[in-house]
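Structure data follow from work03.txt (compact mmCIF, C-alpha atoms):
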# COMPACT_ATOMS: atom_id res chain seq x y z
CA MET A 1 19.00 69.28 -95.70
CA SER A 2 20.17 68.11 -99.13
CA GLY A 3 17.84 67.57 -102.05
CA ARG A 4 18.54 63.86 -102.04
CA MET A 5 17.71 63.49 -98.36
CA GLU A 6 14.48 65.41 -98.88
CA LEU A 7 13.65 63.19 -101.86
CA ILE A 8 14.17 59.91 -99.98
CA SER A 9 12.36 61.23 -96.90
CA GLY A 10 9.41 62.30 -99.02
CA LEU A 11 9.15 58.88 -100.68
CA THR A 12 9.35 56.92 -97.43
CA VAL A 13 6.30 55.10 -96.10
CA GLU A 14 5.84 53.02 -92.97
CA GLY A 15 6.24 49.31 -93.55
CA LYS A 16 7.03 45.95 -92.01
CA GLY A 17 10.41 45.29 -93.60
CA LYS A 18 13.17 44.88 -91.02
CA MET A 19 16.65 46.20 -91.81
CA LEU A 20 19.97 45.30 -90.20
CA LEU A 21 23.24 47.20 -90.71
CA LEU A 22 26.30 45.34 -89.41
CA VAL A 23 29.33 47.66 -89.27
CA LEU A 24 32.76 46.12 -88.83
CA ASP A 25 34.66 49.27 -87.94
CA GLY A 26 37.66 49.86 -90.20
CA LEU A 27 36.79 46.78 -92.27
CA GLY A 28 38.68 47.68 -95.45
CA GLY A 29 42.32 46.65 -95.70
CA LEU A 30 45.32 46.12 -97.95
CA PRO A 31 46.99 42.87 -99.07
CA GLY A 32 49.34 41.26 -96.60
CA GLY A 33 51.98 38.55 -96.93
CA SER A 34 49.54 35.96 -98.30
CA GLY A 35 48.38 38.32 -101.03
CA GLY A 36 44.93 38.86 -99.54
CA THR A 37 43.60 41.58 -97.27
CA GLU A 38 42.63 40.87 -93.67
CA LEU A 39 39.04 40.28 -94.82
CA GLU A 40 40.05 38.15 -97.80
CA SER A 41 42.46 36.05 -95.70
CA ALA A 42 39.91 35.24 -93.00
CA HIS A 43 38.15 31.88 -92.77
CA LYS A 44 34.55 33.11 -92.95
CA PRO A 45 32.17 30.52 -94.42
CA ASN A 46 29.04 32.32 -93.23
CA LEU A 47 30.01 35.69 -94.68
CA ASP A 48 31.07 34.06 -97.94
CA ALA A 49 27.80 32.11 -98.23
CA LEU A 50 25.83 35.29 -97.58
CA ALA A 51 27.81 37.19 -100.22
CA ALA A 52 26.96 34.52 -102.79
CA LYS A 53 23.26 35.29 -102.25
CA GLY A 54 23.60 39.07 -102.30
CA GLU A 55 24.83 42.03 -104.31
CA LEU A 56 28.26 43.50 -103.66
CA GLY A 57 30.00 46.81 -104.14
CA MET A 58 32.33 49.37 -102.61
CA LEU A 59 31.36 52.43 -100.58
CA GLU A 60 33.08 55.79 -101.02
CA ILE A 61 32.60 57.11 -97.50
CA VAL A 62 33.27 60.84 -98.05
CA ASP A 63 34.95 61.44 -101.41
CA VAL A 64 37.77 60.08 -103.55
CA GLY A 65 41.08 60.25 -101.70
CA VAL A 66 39.53 61.59 -98.48
CA THR A 67 40.31 59.65 -95.30
CA PRO A 68 37.20 59.66 -93.07
CA GLY A 69 36.97 59.70 -89.31
CA SER A 70 34.54 57.38 -87.57
CA GLY A 71 31.96 60.14 -87.06
CA PRO A 72 31.62 61.13 -90.73
CA GLY A 73 31.87 57.47 -91.70
CA HIS A 74 28.89 56.43 -89.61
CA LEU A 75 26.78 59.45 -90.47
CA SER A 76 27.30 58.59 -94.12
CA LEU A 77 26.15 55.00 -93.54
CA PHE A 78 23.04 56.34 -91.78
CA GLY A 79 22.15 58.44 -94.84
CA TYR A 80 23.56 61.85 -93.87
CA ASP A 81 25.93 63.54 -96.31
CA PRO A 82 29.04 64.02 -94.13
CA LEU A 83 29.94 67.18 -96.03
CA GLU A 84 26.63 68.70 -94.96
CA PHE A 85 26.47 67.38 -91.40
CA GLU A 86 29.81 67.88 -89.64
CA ILE A 87 29.88 66.62 -86.06
CA GLY A 88 32.86 66.61 -83.74
CA ARG A 89 34.12 63.58 -81.91
CA GLY A 90 33.89 65.22 -78.51
CA ILE A 91 30.12 65.66 -78.55
CA LEU A 92 29.68 62.11 -79.82
CA GLU A 93 31.73 60.68 -76.97
CA ALA A 94 29.81 62.83 -74.48
CA LEU A 95 26.41 61.73 -75.78
CA GLY A 96 27.59 58.12 -75.76
CA LEU A 97 28.35 58.39 -72.05
CA GLY A 98 24.95 59.95 -71.38
CA ILE A 99 26.45 63.32 -70.41
CA ASP A 100 24.13 66.33 -70.40
CA VAL A 101 25.70 68.99 -72.59
CA GLY A 102 24.36 72.50 -72.15
CA PRO A 103 24.25 75.45 -74.56
CA GLY A 104 27.71 76.89 -75.01
CA ASP A 105 29.51 73.86 -73.56
CA VAL A 106 32.45 72.51 -75.56
CA CYS A 107 33.27 68.80 -75.41
CA ALA A 108 36.52 67.10 -76.33
CA ARG A 109 37.54 63.48 -76.61
CA GLY A 110 40.62 62.83 -74.50
CA ASN A 111 43.34 60.23 -74.86
CA PHE A 112 45.55 59.37 -71.93
CA ALA A 113 49.03 59.35 -73.45
CA THR A 114 52.67 58.73 -72.61
CA TRP A 115 54.84 61.85 -72.77
CA GLY A 116 58.64 61.86 -72.88
CA GLU A 117 61.07 64.66 -72.20
CA GLY A 118 59.90 68.08 -73.28
CA ASP A 119 56.81 68.30 -75.44
CA VAL A 120 57.23 64.90 -77.08
CA VAL A 121 54.43 62.32 -77.24
CA VAL A 122 55.79 58.77 -77.06
CA ASP A 123 52.52 56.80 -77.16
CA ARG A 124 49.22 58.48 -78.06
CA ARG A 125 47.19 55.78 -76.27
CA ALA A 126 49.42 55.05 -73.25
CA GLY A 127 49.50 51.37 -74.21
CA ARG A 128 45.68 51.24 -74.16
CA ILE A 129 45.57 51.27 -70.35
CA PRO A 130 42.83 49.20 -68.67
CA THR A 131 39.50 50.92 -68.13
CA GLU A 132 39.90 50.49 -64.35
CA LYS A 133 43.14 52.49 -64.46
CA ASN A 134 41.40 55.13 -66.55
CA ARG A 135 38.75 55.56 -63.86
CA SER A 136 41.33 55.98 -61.11
CA LEU A 137 43.20 58.59 -63.15
CA ILE A 138 40.00 60.53 -63.82
CA GLU A 139 39.19 60.53 -60.10
CA LYS A 140 42.67 61.84 -59.37
CA LEU A 141 42.27 64.60 -61.94
CA ARG A 142 38.81 65.53 -60.63
CA GLN A 143 40.29 66.19 -57.21
CA GLU A 144 42.89 68.55 -58.66
CA ILE A 145 41.22 70.18 -61.66
CA SER A 146 37.76 71.72 -61.50
CA GLU A 147 38.50 74.88 -63.48
CA VAL A 148 41.18 76.16 -65.83
CA GLU A 149 41.65 79.81 -66.78
CA GLY A 150 38.13 80.61 -65.57
CA ALA A 151 36.46 77.74 -67.45
CA ARG A 152 34.68 74.99 -65.52
CA VAL A 153 36.02 71.48 -66.23
CA CYS A 154 34.04 68.22 -65.94
CA LEU A 155 35.79 64.90 -66.58
CA TYR A 156 34.26 61.52 -67.45
CA PRO A 157 36.07 58.17 -67.94
CA GLY A 158 35.54 56.13 -71.10
CA GLU A 159 36.93 52.80 -72.28
CA GLU A 160 40.66 51.98 -72.04
CA HIS A 161 42.64 55.21 -72.70
CA ARG A 162 39.65 57.35 -73.72
CA PHE A 163 37.86 60.00 -71.67
CA VAL A 164 35.63 63.04 -72.19
CA VAL A 165 36.15 66.56 -70.91
CA VAL A 166 33.43 69.21 -71.01
CA PHE A 167 34.46 72.87 -70.75
CA SER A 168 31.87 75.46 -69.66
CA GLY A 169 32.21 79.22 -69.47
CA GLU A 170 31.94 82.52 -71.26
CA GLY A 171 33.50 82.93 -74.67
CA LEU A 172 34.14 79.24 -75.40
CA LYS A 173 33.63 78.17 -79.02
CA ASP A 174 34.45 74.86 -80.69
CA ALA A 175 36.48 76.48 -83.50
CA VAL A 176 39.68 74.68 -82.44
CA TYR A 177 42.08 72.29 -84.15
CA ASP A 178 42.96 69.07 -82.29
CA ALA A 179 45.64 69.14 -79.62
CA ASP A 180 47.09 65.89 -80.91
CA PRO A 181 50.07 65.22 -83.21
CA GLN A 182 48.29 62.09 -84.60
CA VAL A 183 51.62 60.20 -84.49
CA ALA A 184 54.36 59.80 -81.91
CA GLY A 185 56.55 62.86 -81.93
CA PRO A 186 56.50 66.56 -81.02
CA MET A 187 53.23 67.75 -79.51
CA LYS A 188 50.80 69.64 -81.70
CA TRP A 189 49.03 72.12 -79.44
CA ALA A 190 45.48 73.38 -79.87
CA THR A 191 45.11 76.36 -82.20
CA PRO A 192 41.94 78.23 -83.25
CA THR A 193 40.37 77.57 -86.63
CA ASP A 194 39.15 81.18 -86.54
CA PRO A 195 39.40 84.03 -84.01
CA ALA A 196 36.27 82.83 -82.16
CA GLY A 197 38.22 79.77 -80.96
CA GLU A 198 41.18 81.61 -79.42
CA ARG A 199 39.94 81.42 -75.82
CA MET A 200 39.01 77.72 -76.14
CA ALA A 201 42.44 76.88 -77.58
CA HIS A 202 44.12 78.73 -74.71
CA VAL A 203 41.99 76.89 -72.11
CA ALA A 204 42.60 73.51 -73.77
CA ASN A 205 46.37 73.91 -73.77
CA ALA A 206 46.34 75.09 -70.15
CA PHE A 207 44.28 72.02 -69.24
CA ILE A 208 46.74 69.65 -70.94
CA ARG A 209 49.66 71.23 -69.08
CA LYS A 210 47.75 70.93 -65.79
CA VAL A 211 47.07 67.24 -66.48
CA ARG A 212 50.77 66.65 -67.10
CA GLU A 213 51.56 68.30 -63.78
CA VAL A 214 49.03 66.18 -61.85
CA LEU A 215 50.07 62.91 -63.56
CA ARG A 216 53.82 63.56 -63.66
CA ASP A 217 54.60 60.47 -61.51
CA GLU A 218 52.18 58.13 -63.31
CA ARG A 219 53.26 55.54 -65.89
CA PRO A 220 52.46 54.93 -68.68
CA ALA A 221 49.68 57.55 -68.65
CA ASN A 222 51.47 60.73 -67.60
CA GLY A 223 49.60 63.15 -69.84
CA CYS A 224 46.78 63.53 -72.33
CA LEU A 225 45.74 64.71 -75.80
CA LEU A 226 42.44 66.33 -76.85
CA ARG A 227 40.52 65.85 -80.09
CA GLY A 228 37.19 66.69 -81.67
CA PHE A 229 36.28 69.95 -79.94
CA SER A 230 32.54 70.29 -80.50
CA SER A 231 29.24 71.58 -79.17
CA ALA A 232 25.79 70.05 -79.49
CA PRO A 233 24.51 70.21 -83.11
CA HIS A 234 21.01 70.01 -84.55
CA ILE A 235 20.43 67.04 -86.83
CA PRO A 236 17.12 65.54 -88.05
CA SER A 237 16.41 62.09 -86.60
CA LEU A 238 16.05 58.87 -88.53
CA ARG A 239 12.53 58.54 -87.14
CA GLU A 240 11.54 61.92 -88.59
CA LEU A 241 13.23 61.30 -91.92
CA TYR A 242 12.43 57.67 -92.68
CA LYS A 243 9.50 56.61 -90.46
CA ILE A 244 11.52 53.82 -88.86
CA ARG A 245 12.05 52.63 -85.29
CA PRO A 246 15.85 52.42 -85.07
CA ALA A 247 17.99 50.77 -82.39
CA ALA A 248 21.73 50.47 -81.83
CA ALA A 249 23.81 47.64 -80.37
CA ALA A 250 27.25 49.05 -79.60
CA THR A 251 29.67 48.99 -76.69
CA TYR A 252 31.89 52.06 -77.19
CA PRO A 253 30.62 55.49 -76.08
CA MET A 254 31.31 57.29 -79.34
CA TYR A 255 29.15 54.91 -81.36
CA LYS A 256 26.36 55.07 -78.81
CA GLY A 257 26.65 58.84 -79.09
CA LEU A 258 26.35 58.72 -82.87
CA ALA A 259 23.31 56.49 -82.61
CA ARG A 260 21.66 58.66 -79.95
CA LEU A 261 22.36 61.78 -82.01
CA VAL A 262 20.30 60.44 -84.94
CA GLY A 263 17.49 59.22 -82.70
CA MET A 264 18.28 55.55 -82.15
CA GLU A 265 17.33 53.67 -79.01
CA ILE A 266 20.48 52.39 -77.28
CA LEU A 267 20.23 48.69 -76.41
CA GLU A 268 21.81 47.20 -73.31
CA THR A 269 24.77 45.03 -74.30
CA GLY A 270 27.57 43.23 -72.57
CA LYS A 271 31.19 44.12 -73.20
CA GLU A 272 31.80 41.13 -75.47
CA LEU A 273 30.69 40.64 -79.06
CA GLU A 274 28.26 37.90 -78.06
CA GLY A 275 26.43 40.40 -75.88
CA VAL A 276 26.13 42.85 -78.77
CA PHE A 277 24.54 40.20 -80.97
CA ASP A 278 22.33 38.98 -78.12
CA ALA A 279 20.96 42.50 -77.69
CA VAL A 280 19.63 42.38 -81.25
CA VAL A 281 18.06 38.97 -80.70
CA ASN A 282 16.43 40.04 -77.44
CA ASN A 283 14.92 43.20 -78.94
CA TRP A 284 14.10 41.97 -82.42
CA ASN A 285 10.33 42.47 -82.14
CA ASP A 286 10.54 46.06 -80.87
CA PHE A 287 12.38 47.81 -83.71
CA ASP A 288 12.63 47.68 -87.49
CA TYR A 289 16.15 49.07 -88.08
CA PHE A 290 19.16 47.73 -86.20
CA TYR A 291 22.67 49.18 -86.27
CA VAL A 292 25.20 46.67 -84.92
CA HIS A 293 28.77 47.84 -84.28
CA VAL A 294 31.98 45.78 -84.06
CA LYS A 295 34.94 47.86 -82.85
CA TYR A 296 37.98 45.60 -82.85
CA THR A 297 38.52 45.29 -86.59
CA ASP A 298 39.50 48.96 -86.39
CA SER A 299 41.55 48.68 -83.19
CA ARG A 300 43.62 45.77 -84.48
CA GLY A 301 44.19 47.56 -87.77
CA GLU A 302 45.43 50.63 -85.90
CA ASP A 303 47.75 48.36 -83.93
CA GLY A 304 49.22 47.13 -87.22
CA ASP A 305 48.23 43.55 -86.32
CA PHE A 306 47.08 41.93 -89.57
CA ASP A 307 46.39 38.51 -88.04
CA ALA A 308 44.45 39.92 -85.08
CA LYS A 309 42.22 41.93 -87.41
CA ARG A 310 41.66 38.79 -89.48
CA ARG A 311 40.68 36.89 -86.33
CA VAL A 312 38.08 39.52 -85.43
CA VAL A 313 36.46 38.94 -88.83
CA GLU A 314 36.46 35.21 -88.10
CA GLU A 315 34.81 35.77 -84.71
CA VAL A 316 32.10 37.85 -86.33
CA ASP A 317 31.59 35.10 -88.90
CA SER A 318 31.13 32.48 -86.20
CA LEU A 319 28.43 34.59 -84.53
CA LEU A 320 26.71 35.73 -87.71
CA PRO A 321 24.00 33.01 -87.66
CA ARG A 322 22.56 34.67 -84.53
CA LEU A 323 21.61 37.57 -86.80
CA THR A 324 20.79 35.78 -90.04
CA ASN A 325 18.52 33.33 -88.17
CA LEU A 326 16.32 36.32 -87.35
CA ARG A 327 15.62 36.51 -91.10
CA PRO A 328 15.91 40.27 -91.60
CA ASP A 329 14.32 41.52 -94.81
CA VAL A 330 17.47 43.52 -95.59
CA ILE A 331 20.96 42.95 -94.24
CA VAL A 332 23.98 45.08 -95.08
CA ILE A 333 27.50 44.25 -93.92
CA THR A 334 30.23 46.85 -94.35
CA GLY A 335 32.58 49.22 -92.50
CA ASP A 336 32.66 52.93 -91.76
CA HIS A 337 36.12 53.34 -93.29
CA SER A 338 39.22 51.30 -94.09
CA THR A 339 41.94 50.69 -91.50
CA PRO A 340 44.69 48.64 -93.18
CA ALA A 341 47.12 47.03 -90.76
CA ARG A 342 49.92 48.07 -93.13
CA LEU A 343 49.11 51.73 -92.48
CA LYS A 344 48.16 51.43 -88.78
CA ALA A 345 45.57 54.15 -89.41
CA HIS A 346 42.35 55.02 -91.20
CA SER A 347 42.76 55.30 -94.96
CA TRP A 348 40.99 56.69 -98.03
CA HIS A 349 40.31 53.29 -99.62
CA PRO A 350 36.66 52.48 -100.48
CA VAL A 351 35.00 49.99 -98.14
CA PRO A 352 33.57 46.61 -99.22
CA PHE A 353 29.87 46.01 -98.65
CA MET A 354 27.19 43.45 -99.35
CA LEU A 355 23.42 43.76 -99.39
CA VAL A 356 21.12 40.76 -99.10
CA SER A 357 17.33 40.85 -99.55
CA PRO A 358 14.70 38.88 -101.48
CA TYR A 359 15.00 41.47 -104.27
CA VAL A 360 18.71 41.44 -105.11
CA ARG A 361 20.30 40.37 -108.38
CA PRO A 362 22.94 38.00 -106.98
CA CYS A 363 26.46 38.57 -108.22
CA GLY A 364 27.48 34.94 -107.85
CA ALA A 365 30.37 36.03 -105.65
CA LYS A 366 32.67 33.31 -104.37
CA SER A 367 33.55 35.22 -101.18
CA PHE A 368 33.23 38.50 -99.30
CA GLY A 369 36.33 40.59 -99.86
CA GLU A 370 37.65 43.74 -101.43
CA ARG A 371 38.34 42.32 -104.88
CA GLU A 372 35.01 40.50 -105.16
CA CYS A 373 33.21 43.64 -104.02
CA ALA A 374 35.12 45.76 -106.55
CA ARG A 375 33.63 43.51 -109.26
CA GLY A 376 30.14 43.71 -107.76
CA SER A 377 27.09 45.14 -109.48
CA PHE A 378 26.83 48.16 -107.18
CA GLY A 379 30.23 49.42 -108.28
CA ILE A 380 31.61 52.26 -106.17
CA MET A 381 28.70 54.05 -104.49
CA PRO A 382 28.60 57.13 -102.23
CA ALA A 383 27.98 55.76 -98.74
CA HIS A 384 25.27 58.29 -97.88
CA LYS A 385 23.09 56.68 -100.59
CA LEU A 386 23.10 53.34 -98.75
CA MET A 387 20.11 54.21 -96.55
CA GLY A 388 17.93 54.85 -99.60
CA LEU A 389 18.97 51.50 -101.05
CA MET A 390 18.11 49.70 -97.81
CA LEU A 391 14.71 51.39 -97.63
CA ALA A 392 13.99 50.42 -101.25
CA HIS A 393 14.82 46.76 -100.60
CA ALA A 394 12.62 46.88 -97.48
CA LEU A 395 9.75 48.08 -99.74
CA ARG A 396 9.53 51.33 -97.80
CA LEU A 397 9.88 53.77 -100.72
CA VAL A 398 7.02 54.68 -103.05
CA LYS A 399 7.46 55.51 -106.73
CA PHE A 400 8.89 58.89 -107.71
CA GLY A 401 6.65 60.75 -110.17
CA ALA A 402 3.68 59.65 -112.24
If you took the structure in this file and wrote it as structure tokens, what would it be?
Amino acid sequence: MSGRMELISGLTVEGKGKMLLLVLDGLGGLPGGSGGTELESAHKPNLDALAAKGELGMLEIVDVGVTPGSGPGHLSLFGYDPLEFEIGRGILEALGLGIDVGPGDVCARGNFATWGEGDVVVDRRAGRIPTEKNRSLIEKLRQEISEVEGARVCLYPGEEHRFVVVFSGEGLKDAVYDADPQVAGPMKWATPTDPAGERMAHVANAFIRKVREVLRDERPANGCLLRGFSSAPHIPSLRELYKIRPAAAATYPMYKGLARLVGMEILETGKELEGVFDAVVNNWNDFDYFYVHVKYTDSRGEDGDFDAKRRVVEEVDSLLPRLTNLRPDVIVITGDHSTPARLKAHSWHPVPFMLVSPYVRPCGAKSFGERECARGSFGIMPAHKLMGLMLAHALRLVKFGA
């Protein structure tokens, strides 16, 4: 555990201040045709009014020029240095689905994908197939694949094109690069990151070939990709570190997995954004730290749909009073990384954020957007320092030294 984490943990005291972290996944963007980013172009009177009362800045999620994944991005927001705590996507997806992962098991996040002739990936997400189709494909695969090369295989459906596979057996280690080209084109097969991962890489590639054989007549999902090979890690919980009672309102398995990994209670939500916000309202008296996750800012950015991403921001804005009416002592609104529609992918750009509490020095911002945040008083701040800032504004940190 880093010196900074030990410092903040040692200064933390129990208190009554309630904290709310609203994460619009992939929030950061780049200017579009109108000259503004997706966030800047949105009609968002509630977010803008809140920004005028708060302090603004930009978060460097991992380091300058480094493009973060969602796992490192969220861990950083929760106060964990992502360079110290590395966690694979597979275990996060598995935990999010409530899967029991045993010692030595290796999890991977799967994408149903569209394959063309030869080893060419045409669409990494198979057109984002409906979740119902996903479940039927998983059932079909379960009937045909229970082991590969002597390793036991357990399959679990997720949302849309996503699924989880858990490999169990002797000699399996998670030291494996993704079996995913990241873009449409020639397949990139699993390879070991060190000799310990050779057997796992061999099993993973054999599994992918078996899936292609079973799904050869399916369209558009006639194959799969695997990412984030990982086993269960040890990580100190937010309760242990910061004496808080944390809860998470999220719909996607990976983000539930992240929250569960750091000791958050997972709240029951509906599939729609209203249900996510309602979960916070319905459980407000039972917890003192709430993590609220909005997925579709990221999804629409990855689709390259500038206007759709802007509309997600506007939907969040329309629902925001449900949260602000609860009168949290500290509210932070930000993202876990940038996903500009122009790039159709995560990017290295710092992420805008605002913090509102009774103890801020208001910036007098006219709106909530990248350029206003770049001028904010917080400047560009390492994201893993955000938790300490929230605890300070909640009056949950004592003085350091005499």
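Straight-line separation from CA of Asp100 (chain A) to CA of Arg260 (chain A): 12.5 Å.
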Which neighbours of region 341-350 of chain A fall inside 12 Å, counting only C-alpha atoms, when residues of the same chain fewer than 4 positions from it are skipped, and could you give them as number ranges by chain?
-> A: 25-33, 37-39, 57-70, 73, 182-183, 297-310, 334-337, 369-371, 373-374, 379-383
Top pick for closest residue to Asp329 (chain A), considering A:Glu170, A:Asp288, A:Glu159, A:Glu315 and counting all atoms listed in the file =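 Among the listed residues, A:Asp288 lies closest to Asp329 (chain A).
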For Gly257 (chain A), the nearest of the candidates A:Arg89, A:His384, A:Arg125, A:Lys44, counting only C-alpha atoms =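 The answer is A:Arg89, which sits nearest to Gly257 (chain A).
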Leaving out His202 (chain A) and any residue of its chain fewer than 6 positions from it, which residues lie within 9 Å of it when counting only C-alpha atoms, given as number ranges by chain?
-> A: 149, 190-192
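Interatomic distance, CA of Tyr289 (chain A) to CA of Lys18 (chain A): 5.9 Å.
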Find, counting all atoms listed in the file, the residue in A:Leu141, A:Ala279, A:Ala249, A:Cys107 that gets nearest to Leu92 (chain A).
->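 Smallest distance to Leu92 (chain A) is found for A:Cys107.
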Given only C-alpha atoms as the counted atoms, nearest of A:Glu132, A:Asp178, A:Glu40, A:Glu14 to Arg239 (chain A) |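 With only C-alpha atoms as the atom set, the closest residue is A:Glu14.
For the set A:Gly98, A:Met187, A:Leu24, A:Pro352, the residue with the smallest atom-to-atom gap to Phe368 (chain A) is A:Pro352, counting only C-alpha atoms.
Coordinates place CA of Pro340 (chain A) at a distance of 24.6 Å from CA of Ala52 (chain A).
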Compare A:Leu77, A:Pro253, A:Trp189, A:Gly118 by their minimum atom-to-atom distance to Pro157 (chain A), counting only C-alpha atoms, and give me the closest one.
->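 Closest residue, counting only C-alpha atoms: A:Pro253.
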For region 267-271 of chain A: contacts at 9 Å, all atoms listed in the file, fewer than 6 positions along chain excluded, given as a PyMOL selection string = chain A and resi 247-252+277-280+283
Tell me which protein, DNA and RNA residues are within 8 Å of Gly364 (chain A), counting all atoms listed in the file, leaving out same-chain ones fewer than 2 positions away, and put them as a ChimeraX atom specification.
-> /A:51-54,362,366
Neighbours of Glu147 (chain A) within 10 Å (all atoms listed in the file; same-chain residues fewer than 5 positions away dropped), as a PyMOL selection string?
-> chain A and resi 142+152-154+167-169+203+207
Fix up region 79-90 of chain A with N, CA, C and O atoms, then write it as a PDB file, keeping the file's coordinate frame.
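part.pdb was written with the following content:
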ATOM      1  N   GLY A  79      22.867  57.682 -93.832  1.00  0.00           N
ATOM      2  CA  GLY A  79      22.150  58.440 -94.840  1.00  0.00           C
ATOM      3  C   GLY A  79      22.362  59.938 -94.815  1.00  0.00           C
ATOM      4  O   GLY A  79      21.726  60.673 -95.564  1.00  0.00           O
ATOM      5  N   TYR A  80      23.279  60.427 -93.972  1.00  0.00           N
ATOM      6  CA  TYR A  80      23.560  61.850 -93.870  1.00  0.00           C
ATOM      7  C   TYR A  80      24.832  62.170 -94.663  1.00  0.00           C
ATOM      8  O   TYR A  80      25.870  61.541 -94.449  1.00  0.00           O
ATOM      9  N   ASP A  81      24.752  63.122 -95.562  1.00  0.00           N
ATOM     10  CA  ASP A  81      25.930  63.540 -96.310  1.00  0.00           C
ATOM     11  C   ASP A  81      26.933  64.141 -95.320  1.00  0.00           C
ATOM     12  O   ASP A  81      26.652  65.173 -94.701  1.00  0.00           O
ATOM     13  N   PRO A  82      28.108  63.520 -95.143  1.00  0.00           N
ATOM     14  CA  PRO A  82      29.040  64.020 -94.130  1.00  0.00           C
ATOM     15  C   PRO A  82      29.614  65.388 -94.443  1.00  0.00           C
ATOM     16  O   PRO A  82      30.157  66.049 -93.557  1.00  0.00           O
ATOM     17  N   LEU A  83      29.488  65.837 -95.696  1.00  0.00           N
ATOM     18  CA  LEU A  83      29.940  67.180 -96.030  1.00  0.00           C
ATOM     19  C   LEU A  83      28.912  68.230 -95.634  1.00  0.00           C
ATOM     20  O   LEU A  83      29.225  69.414 -95.531  1.00  0.00           O
ATOM     21  N   GLU A  84      27.688  67.795 -95.405  1.00  0.00           N
ATOM     22  CA  GLU A  84      26.630  68.700 -94.960  1.00  0.00           C
ATOM     23  C   GLU A  84      26.490  68.696 -93.445  1.00  0.00           C
ATOM     24  O   GLU A  84      26.250  69.728 -92.822  1.00  0.00           O
ATOM     25  N   PHE A  85      26.641  67.521 -92.840  1.00  0.00           N
ATOM     26  CA  PHE A  85      26.470  67.380 -91.400  1.00  0.00           C
ATOM     27  C   PHE A  85      27.832  67.060 -90.779  1.00  0.00           C
ATOM     28  O   PHE A  85      28.265  65.907 -90.776  1.00  0.00           O
ATOM     29  N   GLU A  86      28.511  68.075 -90.277  1.00  0.00           N
ATOM     30  CA  GLU A  86      29.810  67.880 -89.640  1.00  0.00           C
ATOM     31  C   GLU A  86      29.623  67.864 -88.131  1.00  0.00           C
ATOM     32  O   GLU A  86      29.095  68.820 -87.555  1.00  0.00           O
ATOM     33  N   ILE A  87      30.070  66.798 -87.502  1.00  0.00           N
ATOM     34  CA  ILE A  87      29.880  66.620 -86.060  1.00  0.00           C
ATOM     35  C   ILE A  87      31.201  66.206 -85.439  1.00  0.00           C
ATOM     36  O   ILE A  87      31.851  65.271 -85.908  1.00  0.00           O
ATOM     37  N   GLY A  88      31.586  66.889 -84.382  1.00  0.00           N
ATOM     38  CA  GLY A  88      32.860  66.610 -83.740  1.00  0.00           C
ATOM     39  C   GLY A  88      32.829  65.373 -82.871  1.00  0.00           C
ATOM     40  O   GLY A  88      31.786  64.958 -82.363  1.00  0.00           O
ATOM     41  N   ARG A  89      34.007  64.817 -82.682  1.00  0.00           N
ATOM     42  CA  ARG A  89      34.120  63.580 -81.910  1.00  0.00           C
ATOM     43  C   ARG A  89      33.797  63.797 -80.444  1.00  0.00           C
ATOM     44  O   ARG A  89      33.256  62.921 -79.775  1.00  0.00           O
ATOM     45  N   GLY A  90      34.113  64.970 -79.924  1.00  0.00           N
ATOM     46  CA  GLY A  90      33.890  65.220 -78.510  1.00  0.00           C
ATOM     47  C   GLY A  90      32.428  65.100 -78.119  1.00  0.00           C
ATOM     48  O   GLY A  90      32.090  64.443 -77.122  1.00  0.00           O
TER      49      GLY A  90
END
